[in-house]
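*Asks:* The file below is my_file.txt, compact mmCIF, C-alpha atoms:
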```txt
# COMPACT_ATOMS: atom_id res chain seq x y z
CA MET A 1 -51.17 28.93 353.58
CA MET A 2 -48.47 27.39 351.49
CA PRO A 3 -45.12 26.92 353.23
CA MET A 4 -42.30 28.96 351.74
CA ILE A 5 -39.48 26.90 350.25
CA ALA A 6 -36.05 28.46 350.37
CA PRO A 7 -34.28 28.60 347.00
CA PRO A 8 -31.33 26.26 346.63
CA LEU A 9 -28.01 27.72 347.45
CA ALA A 10 -25.88 28.51 344.41
CA THR A 11 -22.85 26.34 344.26
CA PRO A 12 -19.71 28.08 343.18
CA LEU A 13 -18.41 27.15 339.74
CA ALA A 14 -15.44 24.88 339.80
CA ALA A 15 -12.26 26.66 338.78
CA PRO A 16 -10.76 25.37 335.50
CA LEU A 17 -7.83 23.12 335.92
CA ALA A 18 -4.62 24.99 335.27
CA THR A 19 -2.40 23.50 332.58
CA PRO A 20 0.89 22.58 334.17
CA ARG A 21 3.79 24.50 332.70
CA PRO A 22 6.73 22.48 331.50
CA ALA A 23 9.71 22.72 333.71
CA LEU A 24 12.26 25.13 332.34
CA ARG A 25 15.55 23.52 331.55
CA PRO A 26 18.59 25.49 332.41
CA ALA A 27 20.51 26.79 329.43
CA PRO A 28 23.49 24.61 328.61
CA GLN A 29 26.67 26.05 329.96
CA PRO A 30 29.76 26.04 327.78
CA ALA A 31 32.33 23.53 328.77
CA PRO A 32 35.12 25.03 330.82
CA ARG A 33 38.23 25.69 328.80
CA PRO A 34 41.31 23.87 329.94
CA LEU A 35 44.01 25.94 331.44
CA GLY A 36 46.88 26.87 329.19
CA LEU A 37 47.18 28.03 325.61
CA ARG A 38 45.00 26.38 322.99
CA PRO A 39 46.75 25.42 319.75
CA PRO A 40 45.66 27.60 316.82
CA ARG A 41 43.28 26.10 314.32
CA ASP A 42 45.01 27.64 311.33
CA PRO A 43 47.78 25.21 310.29
CA ARG A 44 49.74 28.05 308.71
CA TRP A 45 51.04 29.02 312.14
CA TYR A 46 52.54 25.53 312.50
CA GLN A 47 53.99 25.75 309.01
CA ILE A 48 55.61 29.11 309.74
CA ALA A 49 57.11 27.80 312.97
CA VAL A 50 58.47 24.64 311.32
CA LEU A 51 59.92 26.47 308.31
CA ALA A 52 61.51 29.10 310.54
CA GLY A 53 63.03 26.37 312.69
CA LEU A 54 64.39 24.57 309.62
CA LEU A 55 65.86 27.80 308.30
CA GLY A 56 67.54 28.55 311.62
CA TRP A 57 68.95 25.02 311.81
CA GLY A 58 70.26 25.30 308.26
CA LEU A 59 71.91 28.65 308.84
CA PHE A 60 73.50 27.97 312.22
CA GLY A 61 73.72 24.17 312.33
CA LEU A 62 74.40 23.13 308.75
CA ARG A 63 76.08 26.37 307.67
CA PHE A 64 74.05 26.99 304.55
CA ASP A 65 75.56 29.13 301.83
CA LEU A 66 72.92 31.72 302.60
CA HIS A 67 73.45 35.18 304.05
CA ALA A 68 71.21 37.24 306.28
CA PRO A 69 70.63 40.01 303.67
CA GLN A 70 69.07 37.52 301.26
CA VAL A 71 66.76 36.21 303.98
CA ILE A 72 65.67 39.74 304.89
CA VAL A 73 65.17 40.80 301.27
CA THR A 74 63.24 37.66 300.33
CA ILE A 75 60.83 37.75 303.27
CA GLY A 76 60.49 41.53 303.04
CA ALA A 77 59.66 41.41 299.33
CA ALA A 78 57.05 38.73 299.97
CA LEU A 79 55.36 40.79 302.69
CA VAL A 80 55.43 44.01 300.64
CA THR A 81 53.97 42.26 297.60
CA GLN A 82 51.25 40.71 299.75
CA LEU A 83 50.37 44.15 301.14
CA MET A 84 50.26 45.74 297.67
CA CYS A 85 48.11 42.96 296.23
CA THR A 86 45.79 43.18 299.23
CA ARG A 87 45.27 46.89 298.55
CA ILE A 88 44.79 46.37 294.81
CA ALA A 89 42.30 43.53 295.34
CA ARG A 90 40.55 45.59 298.05
CA LEU A 91 40.61 42.80 300.57
CA PRO A 92 39.30 43.67 304.04
CA ALA A 93 42.56 42.96 305.90
CA PHE A 94 46.23 42.25 305.35
CA ASP A 95 47.15 38.64 306.13
CA PRO A 96 50.92 38.03 306.27
CA ARG A 97 50.82 34.28 306.97
CA SER A 98 50.87 32.99 303.39
CA ALA A 99 53.54 35.51 302.46
CA LEU A 100 55.72 34.37 305.36
CA ILE A 101 55.38 30.75 304.28
CA SER A 102 56.38 31.58 300.70
CA GLY A 103 59.29 33.75 301.84
CA LEU A 104 60.66 31.12 304.22
CA SER A 105 60.30 28.38 301.60
CA LEU A 106 62.18 30.47 299.04
CA CYS A 107 64.98 31.00 301.55
CA LEU A 108 65.25 27.24 302.05
CA LEU A 109 65.22 26.27 298.37
CA LEU A 110 66.33 29.13 296.14
CA HIS A 111 69.95 30.24 295.86
CA THR A 112 71.32 33.24 294.00
CA ASP A 113 74.11 35.76 294.27
CA HIS A 114 71.81 38.66 293.35
CA LEU A 115 69.47 40.16 295.92
CA ALA A 116 67.29 41.61 293.16
CA LEU A 117 66.54 38.11 291.85
CA ALA A 118 65.64 36.91 295.33
CA ALA A 119 63.20 39.80 295.66
CA LEU A 120 61.83 39.13 292.16
CA ALA A 121 61.18 35.47 292.97
CA ALA A 122 59.25 36.47 296.09
CA ALA A 123 57.22 39.08 294.17
CA ILE A 124 56.35 36.60 291.40
CA ALA A 125 55.36 33.96 293.95
CA ILE A 126 52.98 36.22 295.86
CA ALA A 127 51.54 37.95 292.79
CA SER A 128 50.67 34.58 291.23
CA LYS A 129 48.23 33.90 294.07
CA PHE A 130 46.16 36.93 293.06
CA ALA A 131 46.60 36.84 289.28
CA LEU A 132 46.32 33.13 288.45
CA ARG A 133 43.11 31.88 290.05
CA VAL A 134 40.42 29.39 289.05
CA ASP A 135 37.26 28.68 291.01
CA GLY A 136 38.28 30.85 293.94
CA LYS A 137 41.77 29.44 294.56
CA HIS A 138 45.19 29.97 293.04
CA VAL A 139 46.42 27.46 290.49
CA PHE A 140 50.13 27.18 291.29
CA ASN A 141 51.99 26.74 294.52
CA PRO A 142 53.52 30.22 294.98
CA THR A 143 57.02 29.08 295.93
CA ASN A 144 57.18 26.52 293.14
CA PHE A 145 55.93 29.03 290.59
CA GLY A 146 58.40 31.73 291.60
CA ILE A 147 61.36 29.36 291.36
CA THR A 148 60.37 27.73 288.06
CA VAL A 149 59.72 31.09 286.35
CA LEU A 150 63.25 32.27 287.11
CA LEU A 151 64.70 28.91 286.07
CA ALA A 152 62.76 29.02 282.79
CA LEU A 153 64.04 32.54 282.08
CA GLY A 154 67.62 31.35 282.50
CA SER A 155 68.30 33.58 285.48
CA PRO A 156 71.43 32.85 287.57
CA VAL A 157 69.49 31.00 290.27
CA TRP A 158 69.66 27.39 291.33
CA VAL A 159 68.20 24.85 293.76
CA SER A 160 70.69 22.89 295.83
CA PRO A 161 69.10 19.60 296.94
CA GLY A 162 72.34 18.38 298.51
CA GLN A 163 72.72 21.21 300.99
CA TRP A 164 70.82 19.26 303.65
CA GLY A 165 73.14 16.28 303.50
CA SER A 166 71.97 12.75 304.11
CA VAL A 167 71.92 12.71 307.87
CA ALA A 168 69.25 10.22 308.87
CA PHE A 169 68.45 12.04 312.10
CA PHE A 170 67.78 15.33 310.38
CA ALA A 171 65.70 13.64 307.69
CA PHE A 172 63.62 11.96 310.39
CA LEU A 173 63.21 15.30 312.17
CA MET A 174 61.99 16.96 309.00
CA ALA A 175 59.57 14.11 308.37
CA CYS A 176 58.11 14.41 311.88
CA LEU A 177 57.74 18.18 311.67
CA GLY A 178 56.28 17.93 308.21
CA GLY A 179 53.85 15.29 309.43
CA LEU A 180 52.64 17.72 312.06
CA VAL A 181 51.97 20.34 309.40
CA VAL A 182 50.12 18.12 306.95
CA THR A 183 48.07 16.59 309.77
CA ARG A 184 46.89 20.02 310.87
CA ALA A 185 46.23 20.91 307.23
CA ALA A 186 44.33 17.66 306.53
CA ARG A 187 46.55 16.93 303.53
CA GLY A 188 48.60 14.01 304.79
CA ASP A 189 47.11 11.77 302.09
CA VAL A 190 48.71 13.64 299.20
CA THR A 191 52.12 13.60 300.91
CA LEU A 192 52.01 9.88 301.64
CA ALA A 193 50.69 9.10 298.16
CA PHE A 194 53.48 11.08 296.52
CA LEU A 195 56.24 9.57 298.64
CA GLY A 196 54.89 6.07 298.09
CA ALA A 197 54.59 6.50 294.33
CA TYR A 198 57.99 8.16 293.97
CA ALA A 199 59.69 5.50 296.12
CA ALA A 200 58.02 2.74 294.10
CA ILE A 201 59.35 4.27 290.87
CA LEU A 202 62.87 4.53 292.26
CA PHE A 203 62.93 0.93 293.51
CA ALA A 204 61.38 -0.38 290.29
CA ARG A 205 63.99 1.45 288.22
CA ALA A 206 66.79 0.11 290.41
CA ALA A 207 65.48 -3.46 290.03
CA TRP A 208 65.20 -3.07 286.26
CA LEU A 209 68.77 -1.76 285.99
CA GLY A 210 70.12 -4.34 288.43
CA GLN A 211 71.22 -1.72 290.95
CA ARG A 212 71.65 -2.29 294.65
CA VAL A 213 68.93 -1.25 297.08
CA ALA A 214 71.30 1.32 298.55
CA ILE A 215 70.98 3.49 295.44
CA PRO A 216 67.22 4.27 295.66
CA LEU A 217 67.55 4.60 299.43
CA HIS A 218 70.25 7.22 298.91
CA GLN A 219 68.04 9.04 296.39
CA LEU A 220 65.27 9.18 298.98
CA GLU A 221 67.60 10.62 301.65
CA SER A 222 67.18 14.17 300.41
CA GLY A 223 66.10 17.14 302.44
CA ALA A 224 64.79 18.84 299.32
CA LEU A 225 62.54 15.84 298.62
CA LEU A 226 61.06 15.98 302.11
CA LEU A 227 60.57 19.73 301.89
CA PHE A 228 58.78 19.26 298.59
CA ALA A 229 56.58 16.45 299.89
CA PHE A 230 55.62 18.00 303.23
CA PHE A 231 55.54 21.72 302.47
CA MET A 232 54.95 22.21 298.73
CA ILE A 233 52.81 19.52 297.11
CA SER A 234 50.66 19.37 300.26
CA ASP A 235 49.48 22.98 299.87
CA PRO A 236 45.71 22.73 300.57
CA LYS A 237 44.88 25.61 298.22
CA THR A 238 46.57 24.06 295.18
CA THR A 239 45.63 20.39 295.62
CA PRO A 240 42.36 18.70 294.60
CA ARG A 241 39.50 18.82 297.06
CA ALA A 242 38.58 15.14 297.06
CA ARG A 243 40.89 12.52 298.53
CA ARG A 244 40.79 10.39 295.40
CA GLY A 245 41.70 13.44 293.37
CA ARG A 246 44.65 14.23 295.65
CA VAL A 247 45.99 10.69 295.38
CA LEU A 248 45.69 10.86 291.59
CA PHE A 249 47.43 14.23 291.54
CA ALA A 250 50.27 12.95 293.73
CA VAL A 251 50.86 9.94 291.48
CA LEU A 252 50.90 12.15 288.38
CA VAL A 253 53.47 14.49 289.95
CA ALA A 254 55.65 11.55 290.99
CA CYS A 255 55.57 10.06 287.50
CA GLY A 256 56.29 13.44 285.94
CA ALA A 257 59.25 14.04 288.25
CA ALA A 258 60.71 10.65 287.36
CA ALA A 259 60.24 11.35 283.66
CA VAL A 260 62.02 14.69 283.87
CA GLN A 261 64.91 13.22 285.85
CA PHE A 262 65.42 9.82 284.20
CA LEU A 263 64.09 10.34 280.65
CA MET A 264 64.84 14.00 279.96
CA TYR A 265 67.93 13.99 282.19
CA ARG A 266 67.16 17.40 283.68
CA THR A 267 67.51 18.56 287.25
CA ASN A 268 64.72 19.86 289.49
CA GLY A 269 62.27 17.27 288.21
CA LEU A 270 60.00 17.70 291.24
CA LEU A 271 59.55 21.42 290.63
CA TRP A 272 58.95 21.07 286.87
CA SER A 273 56.47 18.26 287.37
CA LEU A 274 54.44 20.13 289.97
CA VAL A 275 54.18 23.29 287.86
CA ALA A 276 53.19 21.18 284.83
CA PHE A 277 50.39 19.25 286.53
CA SER A 278 48.99 22.05 288.70
CA PRO A 279 46.72 23.38 285.91
CA LEU A 280 44.96 19.99 285.95
CA VAL A 281 43.68 20.53 289.51
CA PRO A 282 40.51 22.45 288.43
CA LEU A 283 39.70 19.63 286.01
CA ILE A 284 40.24 17.02 288.72
CA ASP A 285 37.94 19.01 291.03
CA ARG A 286 35.20 18.86 288.40
CA LEU A 287 35.59 15.14 287.83
CA LEU A 288 36.06 14.29 291.53
CA PRO A 289 34.37 17.11 293.50
CA GLY A 290 34.94 17.60 297.20
CA PRO A 291 34.49 20.13 300.01
CA ARG A 292 36.13 23.52 299.74
CA TYR A 293 39.08 23.90 302.06
CA GLU A 294 39.22 26.65 304.67
CA TRP A 295 42.39 27.55 306.55
CA SER A 296 40.48 28.35 309.74
CA ARG A 297 38.65 25.01 309.65
CA PRO A 298 40.69 22.17 308.20
CA VAL A 299 38.58 19.25 307.04
CA ALA A 300 40.23 16.87 309.50
CA THR A 301 39.29 19.06 312.48
CA GLN A 302 35.95 20.34 311.17
CA PRO A 303 33.32 20.26 313.94
CA GLN A 304 30.19 18.29 313.10
CA PRO A 305 26.72 19.80 313.72
CA HIS A 306 24.48 18.43 316.42
CA PRO A 307 21.27 16.66 315.43
CA GLY A 308 18.78 19.18 314.10
CA GLU A 309 21.43 21.83 313.45
CA PHE A 310 23.15 22.91 310.28
CA ASP A 311 26.16 25.10 309.77
CA GLU A 312 26.53 26.60 306.33
CA THR A 313 30.28 26.76 306.70
CA LEU A 314 30.62 23.03 307.22
CA PRO A 315 31.80 21.09 304.17
CA LEU A 316 29.34 18.64 302.71
CA PRO A 317 30.37 15.13 301.70
CA TRP A 318 31.85 15.00 298.22
CA ARG A 319 28.87 13.02 296.92
CA ALA A 320 26.54 15.89 297.81
CA VAL A 321 28.55 18.49 295.94
CA PRO A 322 27.11 19.55 292.56
CA ASP A 323 28.76 18.37 289.39
CA HIS A 324 30.56 21.64 288.79
CA GLY A 325 32.66 20.98 291.90
CA ALA A 326 31.96 24.18 293.84
CA LEU A 327 30.04 24.60 297.07
CA ALA A 328 27.61 27.46 296.70
CA ARG A 329 26.98 27.80 300.42
CA THR A 330 30.55 27.70 301.67
CA ARG A 331 32.91 30.57 302.01
CA ALA A 332 35.62 31.06 299.47
```
So that I can check it, write out the structure of this file as structure tokens.
*Replies:*
Amino acid sequence: MMPMIAPPLATPLAAPLATPRPALRPAPQPAPRPLGLRPPRDPRWYQIAVLAGLLGWGLFGLRFDLHAPQVIVTIGAALVTQLMCTRIARLPAFDPRSALISGLSLCLLLHTDHLALAALAAAIAIASKFALRVDGKHVFNPTNFGITVLLALGSPVWVSPGQWGSVAFFAFLMACLGGLVVTRAARGDVTLAFLGAYAAILFARAAWLGQRVAIPLHQLESGALLLFAFFMISDPKTTPRARRGRVLFAVLVACGAAAVQFLMYRTNGLLWSLVAFSPLVPLIDRLLPGPRYEWSRPVATQPQPHPGEFDETLPLPWRAVPDHGALARTRA
């Protein structure tokens, strides 16, 4: 009889090796905000504060020939016009910041004995932002345009450059405050280029005529000149987008102002020159394209994307901008 052989015991199948899961990284936590108030990104708040401070100093410290009713009427007309144009253009919200800047600037520069003309200058200044536009931005600086229109019409208005006096301390104060504004607005290059070109013209003219150095220095000690350089020609919405274009624009305005003053022997050369060369800004933008400016994100403080990220609102380098000078993917 054959011996019975027990069948081999079945060995259990080996369990498949489990794939190790990658360790989960904790989500990055936002950096804690420092205590205290953060400065606003929009440089218009700085500009409003500086202009309001200059106006208060002029009224109470320097005793400007300016009365409270004209200040109220000018600023009020600017705000009302801004509100009306906002409704007509069907904009989503009313923004009073630009209107306040134009109204305060008119109070500092424009003088008249008629409240109606003060209101008309403010209305023309604000309306020009909505009516005269090229490539998504207004052509003329509103304050400059409102003043020059009334001057061209022969209205009884005037600009008094000597009302600030030649106090070196006050001029230095204005330069420092203006430097704060243009730094926040990323337009310090156009201000420095204009002042450098205009000063070079004054010193060259003095050397050619055999005048003493004190004469061009006295011509530079003007509050109106500093106001123009720091708060008018440096307007980000009416200057070229590229740095080279802004330097070219500043030199053209300086040469035009000198021509009006020393060749045509007319006053207010700075204002006439700026309004004459402002229509060239769209052409300069086409020849020297650059990133579109946004008030909420000045170019100088624009955050850069992390590797692998892209933000459509970030300005591209000027070399990457198409030839027509506009960024299709940026906000107007």
*Asks:* I need the residue nearest Ile201 (chain A) from this list: A:Val251, A:Leu91, A:Ile126, A:Leu62. Use only C-alpha atoms for the distance.
*Replies:* A:Val251
*Asks:* Skip Leu270 (chain A) itself and residues of its chain fewer than 3 positions away, then list as a PDB file with C-alpha atoms, in the coordinates of the input all residues within 8 Å of it, counting only C-alpha atoms.
*Replies:*
```
ATOM      1  CA  PHE A 228      58.780  19.260 298.590  1.00  0.00           C
ATOM      2  CA  VAL A 253      53.470  14.490 289.950  1.00  0.00           C
ATOM      3  CA  ALA A 254      55.650  11.550 290.990  1.00  0.00           C
ATOM      4  CA  GLY A 256      56.290  13.440 285.940  1.00  0.00           C
ATOM      5  CA  ALA A 257      59.250  14.040 288.250  1.00  0.00           C
ATOM      6  CA  SER A 273      56.470  18.260 287.370  1.00  0.00           C
ATOM      7  CA  LEU A 274      54.440  20.130 289.970  1.00  0.00           C
TER       8      LEU A 274
END
```
*Asks:* For Leu252 (chain A), which residue among A:Ala197, A:Ala229, A:Val134, A:Leu288 is the nearest when counting all atoms listed in the file?
*Replies:*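 Among the listed residues, the smallest separation from Leu252 (chain A) belongs to A:Ala197.
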*Asks:* Any idea what the distance is between CA of Leu195 (chain A) and CA of Ala242 (chain A)?
*Replies:*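 Interatomic distance here is 18.6 Å.
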*Asks:* Any chance you could tabulate, as a Markdown table, the residues of region 80-152 of chain A at most 8 Å from region 54-58 of chain A with each one's nearest atom pair and distance in Å to one decimal, using only C-alpha atoms, in chain and rising number order?
*Replies:*
```
| residue | atom | partner | partner_atom | distance |
| --- | --- | --- | --- | --- |
| A:Leu104 | CA | A:Leu55 | CA | 7.4 |
| A:Cys107 | CA | A:Leu55 | CA | 7.5 |
| A:Leu108 | CA | A:Leu55 | CA | 6.3 |
```
*Asks:* Identify which of the residues A:Val247, A:Leu51, A:Val213, A:Ala206 lies closest to Leu109 (chain A), counting all atoms listed in the file when measuring atom-to-atom distances.
*Replies:*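 With all atoms listed in the file as the atom set, the closest residue is A:Leu51.
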*Asks:* Enter the distance from CA of Ser234 (chain A) to CA of Val190 (chain A), in Å, rounded to one decimal.
*Replies:* 6.1 Å
*Asks:* With a distance cut-off of 10 Å and all atoms listed in the file, select the neighbouring residues of His67 (chain A), excluding the residue or stretch itself and same-chain residues fewer than 4 positions from it, and output the selection as a CSV table (one decimal) with C-alpha atoms, in the coordinates of the input.
*Replies:*
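To be explicit, this is the file written out as out-v1.csv:
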```
chain,number,residue,atom,x,y,z
A,59,LEU,CA,71.9,28.6,308.8
A,63,ARG,CA,76.1,26.4,307.7
A,71,VAL,CA,66.8,36.2,304.0
A,72,ILE,CA,65.7,39.7,304.9
A,107,CYS,CA,65.0,31.0,301.6
A,113,ASP,CA,74.1,35.8,294.3
```
*Asks:* Tell me which protein, DNA and RNA residues are within 8 Å of Ile48 (chain A), counting all atoms listed in the file, leaving out same-chain ones fewer than 6 positions away, and put them as JSON, numbers by chain.
*Replies:* {"A": [97, 100, 101, 104]}
*Asks:* Keeping C-alpha atoms for every residue in the selection just given, could you write it to a file as a tab-separated table (two decimals), in the coordinates of the input?
*Replies:*
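The file below, part36.tsv, is the result:
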```
chain	number	residue	atom	x	y	z
A	97	ARG	CA	50.82	34.28	306.97
A	100	LEU	CA	55.72	34.37	305.36
A	101	ILE	CA	55.38	30.75	304.28
A	104	LEU	CA	60.66	31.12	304.22
```
*Asks:* Pick out the closest residue to Ala250 (chain A) from this set: A:Leu209, A:Val139, A:Val281, A:Leu132. Count only C-alpha atoms.
*Replies:*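 The closest residue to Ala250 (chain A) is A:Val281.
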*Asks:* Separation of CA of Leu227 (chain A) and CA of Gly210 (chain A), in Å?
*Replies:* 29.2 Å
*Asks:* Between A:Arg187, A:Arg212, A:His111, A:His218, single out the one closest to Gly245 (chain A), counting all atoms listed in the file.
*Replies:*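 Ranked by minimum distance to Gly245 (chain A), first place goes to A:Arg187.
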*Asks:* When you count all atoms listed in the file, which of these residues is closest to Thr267 (chain A): A:Ala68, A:Ala78, A:Ala99, A:Leu151?
*Replies:*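 Between A:Ala68, A:Ala78, A:Ala99, A:Leu151, the residue approaching Thr267 (chain A) most closely is A:Leu151.
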*Asks:* Neighbours of Lys237 (chain A) within 10 Å (only C-alpha atoms; same-chain residues fewer than 5 positions away dropped), as an MDAnalysis selection string?
*Replies:* chainID A and resid 129 136:141 292:295
*Asks:* Which residues come within 12 Å of Pro96 (chain A), counting all atoms listed in the file, excluding same-chain residues fewer than 3 positions away, as number ranges by chain?
*Replies:* A: 44-45, 48, 75-86, 93, 99-103, 126
*Asks:* Would you give the centre and edge lengths, in Å to one decimal, of a box along x, y and z around the listed atoms of region 238-244 of chain A, with 3 Å added to each side, as AutoDock Vina command-line options?
*Replies:*
```
--center_x 42.6 --center_y 17.2 --center_z 296.6 --size_x 14.0 --size_y 19.7 --size_z 9.9
```
*Asks:* Provide region 222-234 of chain A rebuilt to N, CA, C and O atoms, formatted as a tab-separated table (two decimals), keeping the file's coordinate frame.
*Replies:*
```
chain	number	residue	atom	x	y	z
A	222	SER	N	66.98	12.81	300.90
A	222	SER	CA	67.18	14.17	300.41
A	222	SER	C	66.29	15.12	301.18
A	222	SER	O	65.06	14.91	301.26
A	223	GLY	N	66.90	16.14	301.74
A	223	GLY	CA	66.10	17.14	302.44
A	223	GLY	C	65.18	17.89	301.51
A	223	GLY	O	64.06	18.25	301.89
A	224	ALA	N	65.64	18.14	300.28
A	224	ALA	CA	64.79	18.84	299.32
A	224	ALA	C	63.55	18.02	298.98
A	224	ALA	O	62.46	18.58	298.79
A	225	LEU	N	63.69	16.69	298.89
A	225	LEU	CA	62.54	15.84	298.62
A	225	LEU	C	61.52	15.92	299.75
A	225	LEU	O	60.31	16.01	299.51
A	226	LEU	N	61.98	15.90	300.99
A	226	LEU	CA	61.06	15.98	302.11
A	226	LEU	C	60.40	17.35	302.19
A	226	LEU	O	59.21	17.46	302.51
A	227	LEU	N	61.16	18.40	301.92
A	227	LEU	CA	60.57	19.73	301.89
A	227	LEU	C	59.48	19.81	300.83
A	227	LEU	O	58.41	20.39	301.05
A	228	PHE	N	59.76	19.25	299.67
A	228	PHE	CA	58.78	19.26	298.59
A	228	PHE	C	57.53	18.48	298.99
A	228	PHE	O	56.40	18.94	298.76
A	229	ALA	N	57.72	17.31	299.58
A	229	ALA	CA	56.58	16.45	299.89
A	229	ALA	C	55.73	16.99	301.02
A	229	ALA	O	54.50	16.90	300.98
A	230	PHE	N	56.36	17.57	302.04
A	230	PHE	CA	55.62	18.00	303.23
A	230	PHE	C	55.16	19.45	303.18
A	230	PHE	O	54.21	19.81	303.86
A	231	PHE	N	55.84	20.29	302.41
A	231	PHE	CA	55.54	21.72	302.47
A	231	PHE	C	55.16	22.33	301.13
A	231	PHE	O	54.82	23.50	301.10
A	232	MET	N	55.25	21.59	300.03
A	232	MET	CA	54.95	22.21	298.73
A	232	MET	C	53.79	21.51	298.04
A	232	MET	O	52.77	22.13	297.75
A	233	ILE	N	53.90	20.22	297.78
A	233	ILE	CA	52.81	19.52	297.11
A	233	ILE	C	51.59	19.37	298.01
A	233	ILE	O	50.47	19.17	297.53
A	234	SER	N	51.77	19.51	299.31
A	234	SER	CA	50.66	19.37	300.26
A	234	SER	C	49.91	20.67	300.50
A	234	SER	O	49.09	20.73	301.42
```
